[in-house]
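Q: Just passing along the structure, written as structure tokens.
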2 protein chains.
Amino acid sequence: MTLDERKLQILETIVREYIQSAEPIGSRTLSKNPKMNISSATIRNEMADLEEMGYLYQPHTSAGRVPSGKAYRLYVDKLMTIMELGGILQDEIKSVYSTYMDEFTEAIQRTARLLSHITSYTAFSTAPQAKYLNCKFIKFILLEEMKVLMVLVTKERIVRNYVITLSQPAEEAALTAVSNVLNICLKDITLYELNDSIMDKLDALSEEERELLLEIIPLLKEILVEEDRQKVYSDGLDKIFNFPEFADIDRAKKFIETLNHQTILAHKLTENIQRDLSIQIGEENVEEAFKDCSVVTATYKIDGKPIGTFGVVGPTRMNYDYVVSVLDFLRKEFNAHISRAINNA
Amino acid sequence: MTLDERKLQILETIVREYIQSAEPIGSRTLSKNPKMNISSATIRNEMADLEEMGYLYQPHTSAGRVPSGKAYRLYVDKLMTIMELGGILQDEIKSVYSTYMDEFTEAIQRTARLLSHITSYTAFSTAPQAKYLNCKFIKFILLEEMKVLMVLVTKERIVRNYVITLSQPAEEAALTAVSNVLNICLKDITLYELNDSIMDKLDALSEEERELLLEIIPLLKEILVEEDRQKVYSDGLDKIFNFPEFADIDRAKKFIETLNHQTILAHKLTENIQRDLSIQIGEENVEEAFKDCSVVTATYKIDGKPIGTFGVVGPTRMNYDYVVSVLDFLRKEFNAHISRAINNA
DNA sequence: GTTAGCACTCTACGTTGTCGAGTGCTAACG
DNA sequence: CGTTAGCACTCGACAACGTAGAGTGCTAAC
């Protein structure tokens, strides 16, 4: 059996209507649709075929049909149309990014809020992974004899602080010397790329300074690992309650639980960081709580390199056309915003 | 009618049992309680009195009785006993604070997690209010010609960064001079107390430096206001689903919505910051979503001054004895932890 | 190949009846 | 006079039952 033109059209209509109504679609309802000028009996036959092919299923005998994950996948891959966002919406998004944001973190948090607001789904965003960030410079501030505050500023204007505990007292001057060496080595590379080339520079340092540097380098690497437990910001957790499929309290509980689990979420959001847009539908999600959800994410980039993501999660019955359109627009706006921020610098 | 000894005992038993079972308590059930050696008929009479006095009510005619807010209030004020925590629990709490935490923010976030974990209620904690923090020092780092990164370190070992945009280019040396003046003026006082005394020091500065300082001071004050939109960390949002009174999806939605509202929450948590422990029961809460919840908060202090809070929220049918015991212990441990951190410095 | 018609299925929903827990009232008891 | 046993009554929870309506699959006719 093949998916001919008519079957496709029927399937598309079912998906569209079901996304709207959340109610199983029956043959009679469908035949009333102005686009359909075939009888309900014919549609019944076609629907039976589509069910056999795995695109539809019935919650129970004598109910209408509901699209399966396979149907949504087909819809998303072949039938969906990305539309241009309305001017008002475009303006709203742009205005968020027009007020200049000094703090990158703030921009990424606001993006989650904006996203949830305009899509009415639960949204989230991830802070950039440390390994992808380009150092601008490192500065050390002596807090106490054995404690040093390291301030790390990246090209993307992300500021991070780390308190480092040393094994022996350090002096202000030595710290300055060490930071100078580090700043030269790290110029325009990521912390991740910091390699042994730094050893060449050791000659310029005094014995004491060298020891200090050798103590600090492993700590830098440690921070990297630490940081990979990535921060995730979410917004609109309550939005999930607007969907009848989550009226069941157990399901809602599982959902909220999972969304509060930073580690799971961080992994979920970055597994497709290589793609500009990624859509995962129902069973395609490995996480138990997302098996009846769809997750759509977009990747943001710096200098063409993907460094973080944002996205929404909602029922599989998601308004994919709209969500994808919004995410694609937002992705471009956000990239533009970052690049403005960096080049302004 | 007066609350005699027997009425009190009956009321106490009802509260205790209802907290356990979440089911209305009937006279027969109560008469079976070993502590009660009066018949169910007598209890019925007493219950009728207690209802008339406003301590109990019936969900419907032929149901048992349920404690009112007034009953919980009486229970909490007069009948409850704070117990000593079990040794294992004490150890668990202490171990969290024994690993030295460099970042204050981390400690406060972990406290929320710990609290939710050991009480099984939704927990939260607030970061300290900027106005209560004691400056240790301020440092400026020149990012670009017109942009300065201000690093603020407090005695409590809280590190904050702010990017400041200047009206005209600044030089490294001028920034150092300005930070020196500020560091002297702010020594051991809070940002909030920063007053005009600073004007006396202006003589020591060059014209250029003076202008810079005058530009930075208002920004400092602005940060103060900004910061008063206080950060709140929460944990165990999903815990609320464990209570049958929140099985209703609308109620759960309202709850999650409110808990995601930083501003409301921040206000809620700090309104009783002057008290070591505060308990708000049901209708005593002004927030709509908390009208059938109880909120218990504890205040943490530095040098005897209250600077922030943490606490839990759950159904009015809350295990007050346990929660208060935990919060009181945690409060003391946390205070001790902070004071260790500061004095170690 | 398409459609009308029909018997069939299953859920949602309202009705009805029963059970049990709990109450208030009254009368009797110590 | 406070306490208690007894009794009639109330009400929600729950199961059983019946009906309405939406939808299906199959068959026969177009």
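Here's how to read the names in the structure tokens: chain A, B, ... by the order shown, residue numbers from 1 in each chain, ligand numbers from 1 in the order shown.
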Skipping near chain neighbours, those fewer than 4 positions away, what residues fall within 8 Å of region 75-89 of chain B using only C-alpha atoms (C1' of nucleotides), listed as a list in words?
A: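 The neighbour list is Glu12, Val15, Ala71, Ile93, Tyr320, Asp321, Tyr322, Val324, Ser325, Val326 and Phe329 of chain B.
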Q: Near Gln58 (chain B), counting only C-alpha atoms (C1' of nucleotides), which residues have an atom at most 12 Å away, once you skip same-chain residues fewer than 4 positions from it, shown as a list of chain:residue names?
A: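 That gives B:Glu23, B:Pro24, B:Ile25, B:Gly26, B:Met47, B:Ala48, B:Leu50, B:Glu51, B:Glu52, B:Gly54, B:Ser62, B:Ala63, B:Gly64, B:Arg65, B:Val66, B:Pro67, B:Ser68, C:DG22, C:DT23, D:DC11.
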Q: Tell me the residues of chain C close to chain A, meaning within 9 Å using only C-alpha atoms (C1' of nucleotides), as JSON, numbers by chain.
A: {"C": [2, 3, 4, 9, 10, 11]}
Q: Emit the selected residues as an mmCIF file, in the first residue's frame, including N, CA, C and O atoms (P, O5', C5', C4', C3', O3' and C1' of nucleotides).
A:
```
data_model
loop_
_atom_site.group_PDB
_atom_site.id
_atom_site.type_symbol
_atom_site.label_atom_id
_atom_site.label_comp_id
_atom_site.auth_asym_id
_atom_site.auth_seq_id
_atom_site.Cartn_x
_atom_site.Cartn_y
_atom_site.Cartn_z
ATOM 1 P P DT C 2 -12.227 6.226 -5.319
ATOM 2 O "O5'" DT C 2 -13.790 6.243 -5.126
ATOM 3 C "C5'" DT C 2 -14.587 6.911 -6.095
ATOM 4 C "C4'" DT C 2 -16.035 6.869 -5.672
ATOM 5 C "C3'" DT C 2 -16.291 7.387 -4.259
ATOM 6 O "O3'" DT C 2 -17.293 8.385 -4.346
ATOM 7 C "C1'" DT C 2 -17.339 5.286 -4.585
ATOM 8 P P DT C 3 -17.662 9.245 -3.080
ATOM 9 O "O5'" DT C 3 -19.002 8.555 -2.584
ATOM 10 C "C5'" DT C 3 -20.083 8.438 -3.506
ATOM 11 C "C4'" DT C 3 -21.146 7.543 -2.938
ATOM 12 C "C3'" DT C 3 -21.597 7.905 -1.520
ATOM 13 O "O3'" DT C 3 -23.007 8.035 -1.532
ATOM 14 C "C1'" DT C 3 -21.201 5.586 -1.714
ATOM 15 P P DA C 4 -23.680 9.031 -0.502
ATOM 16 O "O5'" DA C 4 -24.896 8.123 -0.019
ATOM 17 C "C5'" DA C 4 -25.698 7.471 -1.000
ATOM 18 C "C4'" DA C 4 -26.365 6.271 -0.385
ATOM 19 C "C3'" DA C 4 -26.962 6.508 1.003
ATOM 20 O "O3'" DA C 4 -28.281 5.975 1.015
ATOM 21 C "C1'" DA C 4 -25.494 4.654 1.061
ATOM 22 P P DT C 9 -21.102 -6.084 18.634
ATOM 23 O "O5'" DT C 9 -20.208 -4.819 18.953
ATOM 24 C "C5'" DT C 9 -19.139 -4.465 18.082
ATOM 25 C "C4'" DT C 9 -18.450 -3.250 18.652
ATOM 26 C "C3'" DT C 9 -18.313 -3.278 20.172
ATOM 27 O "O3'" DT C 9 -16.991 -2.894 20.493
ATOM 28 C "C1'" DT C 9 -19.353 -1.276 19.490
ATOM 29 P P DC C 10 -16.390 -3.332 21.890
ATOM 30 O "O5'" DC C 10 -16.207 -1.916 22.560
ATOM 31 C "C5'" DC C 10 -15.557 -0.875 21.808
ATOM 32 C "C4'" DC C 10 -15.971 0.459 22.368
ATOM 33 C "C3'" DC C 10 -16.031 0.468 23.900
ATOM 34 O "O3'" DC C 10 -15.081 1.384 24.381
ATOM 35 C "C1'" DC C 10 -17.921 1.533 22.931
ATOM 36 P P DT C 11 -14.870 1.629 25.931
ATOM 37 O "O5'" DT C 11 -15.311 3.150 26.049
ATOM 38 C "C5'" DT C 11 -14.768 4.100 25.127
ATOM 39 C "C4'" DT C 11 -15.506 5.415 25.280
ATOM 40 C "C3'" DT C 11 -15.546 5.951 26.711
ATOM 41 O "O3'" DT C 11 -15.246 7.338 26.672
ATOM 42 C "C1'" DT C 11 -17.746 5.736 25.861
#
```
Q: For a quick test of understanding: name the residues of chain D lying within 8 Å of chain A when counting only C-alpha atoms (C1' of nucleotides), and present them as a PyMOL selection string.
A: chain D and resi 22-24
Q: What's around Asn335 (chain B) at 9 Å? Count only C-alpha atoms (C1' of nucleotides), leave out sequence neighbours fewer than 5 positions away in its own chain, and write the answer as a ChimeraX atom specification.
A: /B:300-302,330,340
Q: Pull N, CA and C atoms from the residues just selected and write them as a short mmCIF file (atom, residue, chain, number, x, y, z; two decimals), in the first residue's frame.
A:
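The file below, result_26.cif, is the result:
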```
data_model
loop_
_atom_site.label_atom_id
_atom_site.label_comp_id
_atom_site.auth_asym_id
_atom_site.auth_seq_id
_atom_site.Cartn_x
_atom_site.Cartn_y
_atom_site.Cartn_z
N TYR B 300 17.97 33.75 58.34
CA TYR B 300 19.38 33.59 58.68
C TYR B 300 20.02 34.95 58.86
N LYS B 301 21.07 34.96 59.65
CA LYS B 301 21.62 36.23 60.10
C LYS B 301 23.13 36.29 59.93
N ILE B 302 23.61 37.51 59.85
CA ILE B 302 25.05 37.73 59.93
C ILE B 302 25.27 38.80 60.98
N LEU B 330 18.15 23.95 61.22
CA LEU B 330 18.81 24.37 59.99
C LEU B 330 19.26 25.83 60.09
N ARG B 340 31.37 30.88 60.44
CA ARG B 340 32.65 30.20 60.21
C ARG B 340 33.31 30.74 58.95
#
```
Q: Pick from B:Thr297, B:Ser21, B:Ser234, B:Gln280: nearest to Leu259 (chain B), with only C-alpha atoms counted?
A: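 Ranked by minimum distance to Leu259 (chain B), first place goes to B:Ser234.
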Q: For chain A, list the residues within 10 Å of chain B, counting only C-alpha atoms, and write the list as a PDB file with N, CA, C and O atoms, in the first residue's frame.
A:
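Result saved to selection-v4.pdb:
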```
ATOM      1  N   MET A 101      21.643  44.367  26.281  1.00  0.00           N
ATOM      2  CA  MET A 101      21.832  43.617  27.524  1.00  0.00           C
ATOM      3  C   MET A 101      23.307  43.356  27.770  1.00  0.00           C
ATOM      4  O   MET A 101      23.969  42.715  26.975  1.00  0.00           O
ATOM      5  N   ASP A 102      23.770  43.867  28.888  1.00  0.00           N
ATOM      6  CA  ASP A 102      25.188  43.694  29.186  1.00  0.00           C
ATOM      7  C   ASP A 102      25.508  42.263  29.549  1.00  0.00           C
ATOM      8  O   ASP A 102      26.550  41.729  29.228  1.00  0.00           O
ATOM      9  N   GLU A 103      24.582  41.666  30.235  1.00  0.00           N
ATOM     10  CA  GLU A 103      24.845  40.321  30.727  1.00  0.00           C
ATOM     11  C   GLU A 103      24.274  39.297  29.760  1.00  0.00           C
ATOM     12  O   GLU A 103      23.077  39.280  29.496  1.00  0.00           O
ATOM     13  N   LYS A 136      38.296  36.228  26.799  1.00  0.00           N
ATOM     14  CA  LYS A 136      38.781  37.570  26.504  1.00  0.00           C
ATOM     15  C   LYS A 136      39.939  37.835  27.456  1.00  0.00           C
ATOM     16  O   LYS A 136      41.025  38.161  27.026  1.00  0.00           O
ATOM     17  N   PHE A 137      39.686  37.679  28.699  1.00  0.00           N
ATOM     18  CA  PHE A 137      40.820  37.666  29.630  1.00  0.00           C
ATOM     19  C   PHE A 137      40.465  37.067  30.980  1.00  0.00           C
ATOM     20  O   PHE A 137      39.305  36.910  31.338  1.00  0.00           O
ATOM     21  N   LYS A 139      41.429  37.386  35.127  1.00  0.00           N
ATOM     22  CA  LYS A 139      42.063  38.251  36.124  1.00  0.00           C
ATOM     23  C   LYS A 139      41.975  37.564  37.473  1.00  0.00           C
ATOM     24  O   LYS A 139      40.977  36.912  37.788  1.00  0.00           O
ATOM     25  N   ILE A 141      42.114  38.025  41.616  1.00  0.00           N
ATOM     26  CA  ILE A 141      42.061  38.992  42.709  1.00  0.00           C
ATOM     27  C   ILE A 141      42.333  38.243  44.002  1.00  0.00           C
ATOM     28  O   ILE A 141      41.685  37.228  44.293  1.00  0.00           O
ATOM     29  N   LEU A 143      41.949  37.370  47.527  1.00  0.00           N
ATOM     30  CA  LEU A 143      40.931  37.591  48.559  1.00  0.00           C
ATOM     31  C   LEU A 143      41.565  37.524  49.935  1.00  0.00           C
ATOM     32  O   LEU A 143      41.404  38.393  50.777  1.00  0.00           O
ATOM     33  N   GLU A 144      42.254  36.426  50.155  1.00  0.00           N
ATOM     34  CA  GLU A 144      43.004  36.246  51.394  1.00  0.00           C
ATOM     35  C   GLU A 144      44.296  35.564  50.994  1.00  0.00           C
ATOM     36  O   GLU A 144      44.466  35.208  49.834  1.00  0.00           O
ATOM     37  N   GLU A 145      45.113  35.284  51.974  1.00  0.00           N
ATOM     38  CA  GLU A 145      46.419  34.674  51.668  1.00  0.00           C
ATOM     39  C   GLU A 145      46.309  33.493  50.707  1.00  0.00           C
ATOM     40  O   GLU A 145      47.017  33.400  49.729  1.00  0.00           O
ATOM     41  N   MET A 146      45.383  32.599  51.018  1.00  0.00           N
ATOM     42  CA  MET A 146      45.320  31.354  50.259  1.00  0.00           C
ATOM     43  C   MET A 146      44.140  31.290  49.298  1.00  0.00           C
ATOM     44  O   MET A 146      43.921  30.276  48.651  1.00  0.00           O
ATOM     45  N   LYS A 147      43.389  32.342  49.248  1.00  0.00           N
ATOM     46  CA  LYS A 147      42.191  32.309  48.420  1.00  0.00           C
ATOM     47  C   LYS A 147      42.275  33.359  47.317  1.00  0.00           C
ATOM     48  O   LYS A 147      42.602  34.515  47.578  1.00  0.00           O
ATOM     49  N   LEU A 149      40.219  34.967  43.914  1.00  0.00           N
ATOM     50  CA  LEU A 149      39.020  35.043  43.087  1.00  0.00           C
ATOM     51  C   LEU A 149      39.461  35.155  41.641  1.00  0.00           C
ATOM     52  O   LEU A 149      40.210  36.058  41.273  1.00  0.00           O
ATOM     53  N   VAL A 151      38.378  35.925  37.948  1.00  0.00           N
ATOM     54  CA  VAL A 151      37.309  36.507  37.132  1.00  0.00           C
ATOM     55  C   VAL A 151      37.614  36.199  35.671  1.00  0.00           C
ATOM     56  O   VAL A 151      38.670  36.544  35.170  1.00  0.00           O
ATOM     57  N   VAL A 153      36.388  36.607  31.824  1.00  0.00           N
ATOM     58  CA  VAL A 153      35.493  37.346  30.937  1.00  0.00           C
ATOM     59  C   VAL A 153      35.663  36.794  29.524  1.00  0.00           C
ATOM     60  O   VAL A 153      36.785  36.607  29.054  1.00  0.00           O
ATOM     61  N   ARG A 157      30.975  38.363  26.323  1.00  0.00           N
ATOM     62  CA  ARG A 157      30.614  39.178  27.460  1.00  0.00           C
ATOM     63  C   ARG A 157      29.904  38.369  28.563  1.00  0.00           C
ATOM     64  O   ARG A 157      28.921  38.783  29.143  1.00  0.00           O
ATOM     65  N   VAL A 159      30.545  36.821  32.177  1.00  0.00           N
ATOM     66  CA  VAL A 159      31.481  36.965  33.288  1.00  0.00           C
ATOM     67  C   VAL A 159      31.248  35.827  34.265  1.00  0.00           C
ATOM     68  O   VAL A 159      30.117  35.542  34.631  1.00  0.00           O
ATOM     69  N   ARG A 160      32.317  35.179  34.637  1.00  0.00           N
ATOM     70  CA  ARG A 160      32.178  34.093  35.608  1.00  0.00           C
ATOM     71  C   ARG A 160      33.198  34.270  36.715  1.00  0.00           C
ATOM     72  O   ARG A 160      34.332  34.690  36.467  1.00  0.00           O
ATOM     73  N   ASN A 161      32.776  33.945  37.932  1.00  0.00           N
ATOM     74  CA  ASN A 161      33.706  34.029  39.068  1.00  0.00           C
ATOM     75  C   ASN A 161      33.958  32.656  39.638  1.00  0.00           C
ATOM     76  O   ASN A 161      33.045  31.846  39.722  1.00  0.00           O
ATOM     77  N   TYR A 162      35.164  32.422  40.064  1.00  0.00           N
ATOM     78  CA  TYR A 162      35.474  31.188  40.753  1.00  0.00           C
ATOM     79  C   TYR A 162      36.414  31.508  41.898  1.00  0.00           C
ATOM     80  O   TYR A 162      37.392  32.218  41.714  1.00  0.00           O
ATOM     81  N   VAL A 163      36.099  30.956  43.057  1.00  0.00           N
ATOM     82  CA  VAL A 163      37.026  31.119  44.174  1.00  0.00           C
ATOM     83  C   VAL A 163      37.949  29.910  44.174  1.00  0.00           C
ATOM     84  O   VAL A 163      37.498  28.773  44.150  1.00  0.00           O
ATOM     85  N   ILE A 164      39.231  30.185  44.175  1.00  0.00           N
ATOM     86  CA  ILE A 164      40.222  29.118  44.126  1.00  0.00           C
ATOM     87  C   ILE A 164      40.983  29.084  45.442  1.00  0.00           C
ATOM     88  O   ILE A 164      41.390  30.127  45.953  1.00  0.00           O
ATOM     89  N   THR A 165      41.143  27.892  45.992  1.00  0.00           N
ATOM     90  CA  THR A 165      41.933  27.766  47.214  1.00  0.00           C
ATOM     91  C   THR A 165      43.307  27.214  46.856  1.00  0.00           C
ATOM     92  O   THR A 165      43.419  26.152  46.243  1.00  0.00           O
ATOM     93  N   SER A 234      14.269  27.759  32.806  1.00  0.00           N
ATOM     94  CA  SER A 234      12.981  27.401  32.227  1.00  0.00           C
ATOM     95  C   SER A 234      11.945  28.447  32.593  1.00  0.00           C
ATOM     96  O   SER A 234      12.107  29.209  33.528  1.00  0.00           O
ATOM     97  N   ASP A 235      10.902  28.470  31.839  1.00  0.00           N
ATOM     98  CA  ASP A 235       9.839  29.434  32.110  1.00  0.00           C
ATOM     99  C   ASP A 235       8.510  28.864  31.636  1.00  0.00           C
ATOM    100  O   ASP A 235       8.454  28.095  30.681  1.00  0.00           O
ATOM    101  N   GLY A 236       7.442  29.247  32.327  1.00  0.00           N
ATOM    102  CA  GLY A 236       6.111  28.803  31.923  1.00  0.00           C
ATOM    103  C   GLY A 236       5.844  27.349  32.244  1.00  0.00           C
ATOM    104  O   GLY A 236       5.148  26.667  31.498  1.00  0.00           O
ATOM    105  N   LEU A 237       6.406  26.887  33.343  1.00  0.00           N
ATOM    106  CA  LEU A 237       6.141  25.509  33.776  1.00  0.00           C
ATOM    107  C   LEU A 237       4.644  25.238  33.855  1.00  0.00           C
ATOM    108  O   LEU A 237       4.175  24.154  33.537  1.00  0.00           O
ATOM    109  N   ASP A 238       3.922  26.233  34.301  1.00  0.00           N
ATOM    110  CA  ASP A 238       2.488  26.057  34.503  1.00  0.00           C
ATOM    111  C   ASP A 238       1.725  25.897  33.185  1.00  0.00           C
ATOM    112  O   ASP A 238       0.622  25.375  33.164  1.00  0.00           O
ATOM    113  N   LYS A 239       2.332  26.299  32.081  1.00  0.00           N
ATOM    114  CA  LYS A 239       1.644  26.232  30.786  1.00  0.00           C
ATOM    115  C   LYS A 239       1.177  24.823  30.454  1.00  0.00           C
ATOM    116  O   LYS A 239       0.185  24.631  29.769  1.00  0.00           O
ATOM    117  N   ILE A 240       1.913  23.856  30.927  1.00  0.00           N
ATOM    118  CA  ILE A 240       1.576  22.474  30.592  1.00  0.00           C
ATOM    119  C   ILE A 240       0.177  22.104  31.067  1.00  0.00           C
ATOM    120  O   ILE A 240      -0.481  21.244  30.493  1.00  0.00           O
ATOM    121  N   PHE A 241      -0.299  22.798  32.083  1.00  0.00           N
ATOM    122  CA  PHE A 241      -1.616  22.472  32.625  1.00  0.00           C
ATOM    123  C   PHE A 241      -2.748  22.914  31.696  1.00  0.00           C
ATOM    124  O   PHE A 241      -3.894  22.545  31.898  1.00  0.00           O
ATOM    125  N   ASN A 242      -2.409  23.701  30.702  1.00  0.00           N
ATOM    126  CA  ASN A 242      -3.444  24.140  29.770  1.00  0.00           C
ATOM    127  C   ASN A 242      -3.857  23.044  28.786  1.00  0.00           C
ATOM    128  O   ASN A 242      -4.840  23.203  28.070  1.00  0.00           O
ATOM    129  N   PHE A 246      -2.633  16.639  29.923  1.00  0.00           N
ATOM    130  CA  PHE A 246      -1.898  16.646  31.187  1.00  0.00           C
ATOM    131  C   PHE A 246      -2.812  16.906  32.380  1.00  0.00           C
ATOM    132  O   PHE A 246      -2.350  17.304  33.444  1.00  0.00           O
ATOM    133  N   ALA A 247      -4.107  16.699  32.166  1.00  0.00           N
ATOM    134  CA  ALA A 247      -5.040  16.870  33.278  1.00  0.00           C
ATOM    135  C   ALA A 247      -4.812  15.777  34.314  1.00  0.00           C
ATOM    136  O   ALA A 247      -5.134  15.937  35.484  1.00  0.00           O
ATOM    137  N   ASP A 248      -4.241  14.678  33.893  1.00  0.00           N
ATOM    138  CA  ASP A 248      -3.916  13.599  34.817  1.00  0.00           C
ATOM    139  C   ASP A 248      -2.775  14.042  35.738  1.00  0.00           C
ATOM    140  O   ASP A 248      -1.715  14.456  35.286  1.00  0.00           O
ATOM    141  N   ILE A 249      -3.033  13.952  37.031  1.00  0.00           N
ATOM    142  CA  ILE A 249      -2.093  14.517  37.991  1.00  0.00           C
ATOM    143  C   ILE A 249      -0.748  13.787  37.988  1.00  0.00           C
ATOM    144  O   ILE A 249       0.306  14.393  38.171  1.00  0.00           O
ATOM    145  N   ASP A 250      -0.767  12.500  37.724  1.00  0.00           N
ATOM    146  CA  ASP A 250       0.480  11.743  37.702  1.00  0.00           C
ATOM    147  C   ASP A 250       1.383  12.200  36.567  1.00  0.00           C
ATOM    148  O   ASP A 250       2.594  12.351  36.727  1.00  0.00           O
ATOM    149  N   ALA A 252       1.268  15.100  35.085  1.00  0.00           N
ATOM    150  CA  ALA A 252       1.745  16.450  35.386  1.00  0.00           C
ATOM    151  C   ALA A 252       2.919  16.390  36.358  1.00  0.00           C
ATOM    152  O   ALA A 252       3.927  17.064  36.188  1.00  0.00           O
ATOM    153  N   LYS A 253       2.784  15.529  37.333  1.00  0.00           N
ATOM    154  CA  LYS A 253       3.848  15.396  38.330  1.00  0.00           C
ATOM    155  C   LYS A 253       5.160  14.965  37.670  1.00  0.00           C
ATOM    156  O   LYS A 253       6.212  15.563  37.891  1.00  0.00           O
ATOM    157  N   LYS A 254       5.083  13.905  36.866  1.00  0.00           N
ATOM    158  CA  LYS A 254       6.277  13.407  36.171  1.00  0.00           C
ATOM    159  C   LYS A 254       6.915  14.520  35.354  1.00  0.00           C
ATOM    160  O   LYS A 254       8.135  14.676  35.324  1.00  0.00           O
ATOM    161  N   PHE A 255       6.064  15.264  34.689  1.00  0.00           N
ATOM    162  CA  PHE A 255       6.544  16.341  33.828  1.00  0.00           C
ATOM    163  C   PHE A 255       7.315  17.381  34.637  1.00  0.00           C
ATOM    164  O   PHE A 255       8.466  17.714  34.323  1.00  0.00           O
ATOM    165  N   ILE A 256       6.687  17.879  35.687  1.00  0.00           N
ATOM    166  CA  ILE A 256       7.334  18.897  36.521  1.00  0.00           C
ATOM    167  C   ILE A 256       8.616  18.357  37.145  1.00  0.00           C
ATOM    168  O   ILE A 256       9.631  19.048  37.193  1.00  0.00           O
ATOM    169  N   GLU A 257       8.558  17.129  37.587  1.00  0.00           N
ATOM    170  CA  GLU A 257       9.748  16.506  38.160  1.00  0.00           C
ATOM    171  C   GLU A 257      10.913  16.539  37.176  1.00  0.00           C
ATOM    172  O   GLU A 257      12.018  16.969  37.508  1.00  0.00           O
ATOM    173  N   THR A 258      10.633  16.073  35.971  1.00  0.00           N
ATOM    174  CA  THR A 258      11.688  16.005  34.971  1.00  0.00           C
ATOM    175  C   THR A 258      12.215  17.390  34.625  1.00  0.00           C
ATOM    176  O   THR A 258      13.418  17.597  34.500  1.00  0.00           O
ATOM    177  N   LEU A 259      11.299  18.331  34.514  1.00  0.00           N
ATOM    178  CA  LEU A 259      11.730  19.681  34.155  1.00  0.00           C
ATOM    179  C   LEU A 259      12.536  20.330  35.263  1.00  0.00           C
ATOM    180  O   LEU A 259      13.240  21.311  35.033  1.00  0.00           O
ATOM    181  N   ASN A 260      12.437  19.812  36.465  1.00  0.00           N
ATOM    182  CA  ASN A 260      13.241  20.385  37.538  1.00  0.00           C
ATOM    183  C   ASN A 260      14.585  19.689  37.655  1.00  0.00           C
ATOM    184  O   ASN A 260      15.383  20.013  38.511  1.00  0.00           O
ATOM    185  N   HIS A 261      14.783  18.736  36.814  1.00  0.00           N
ATOM    186  CA  HIS A 261      16.013  17.958  36.881  1.00  0.00           C
ATOM    187  C   HIS A 261      17.027  18.513  35.893  1.00  0.00           C
ATOM    188  O   HIS A 261      17.059  18.151  34.731  1.00  0.00           O
ATOM    189  N   ASN A 344      30.417  45.199  18.889  1.00  0.00           N
ATOM    190  CA  ASN A 344      30.367  46.468  19.591  1.00  0.00           C
ATOM    191  C   ASN A 344      31.557  46.602  20.521  1.00  0.00           C
ATOM    192  O   ASN A 344      31.999  47.692  20.835  1.00  0.00           O
ATOM    193  N   ALA A 345      32.026  45.504  20.962  1.00  0.00           N
ATOM    194  CA  ALA A 345      33.032  45.489  22.021  1.00  0.00           C
ATOM    195  C   ALA A 345      34.374  46.011  21.533  1.00  0.00           C
ATOM    196  O   ALA A 345      34.684  45.924  20.377  1.00  0.00           O
TER     197      ALA A 345
END
```
Q: If you run DSSP on this backbone, which residues of region 115-204 of chain B come out as strand (DSSP E), and could you give them as a PyMOL selection string?
A: chain B and resi 122-126+135-144+147-154+159-165
Q: Which residues are close to DT16 (chain C), i.e. within 12 Å by only C-alpha atoms (C1' of nucleotides), leaving aside same-chain residues fewer than 4 positions away? Reply as number ranges by chain.
A: D: 15-18
Q: CA of Asn180 (chain A) and CA of Lys131 (chain A) are how many Å apart?
A: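 Those two atoms sit 20.9 Å apart.
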Q: Could you list, as a list of chain:residue names, every residue within 12 Å of DG5 (chain C), counting only C-alpha atoms (C1' of nucleotides) and ignoring same-chain residues fewer than 5 positions away?
A: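 In the requested form, the answer reads A:Ala41, D:DC26, D:DT27, D:DA28, D:DA29.
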Q: Which one is closest to DC8 (chain C): D:DC14, D:DC1, D:DG6, D:DG25? Count only C-alpha atoms (C1' of nucleotides).
A: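 Of the candidates, the smallest distance to DC8 (chain C) is held by D:DG25.
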Q: Mind pulling up the distance from CA of Ala177 (chain B) to CA of Leu205 (chain B)?
A: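 Going from CA of Leu205 (chain B) over to CA of Ala177 (chain B) covers 7.5 Å.
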Q: Show which residues sit within 12 Å of DA20 (chain D), as a PyMOL selection string. Count only C-alpha atoms (C1' of nucleotides), and ignore same-chain residues fewer than 5 positions away.
A: chain C and resi 11-14
Q: Running DSSP on the backbone, which parts of region 195-328 of chain A land in helix (DSSP H, G or I), as a PyMOL selection string?
A: chain A and resi 196-204+207-228+237-242+244-246+249-259+262-270+282-284+288-290+320-328
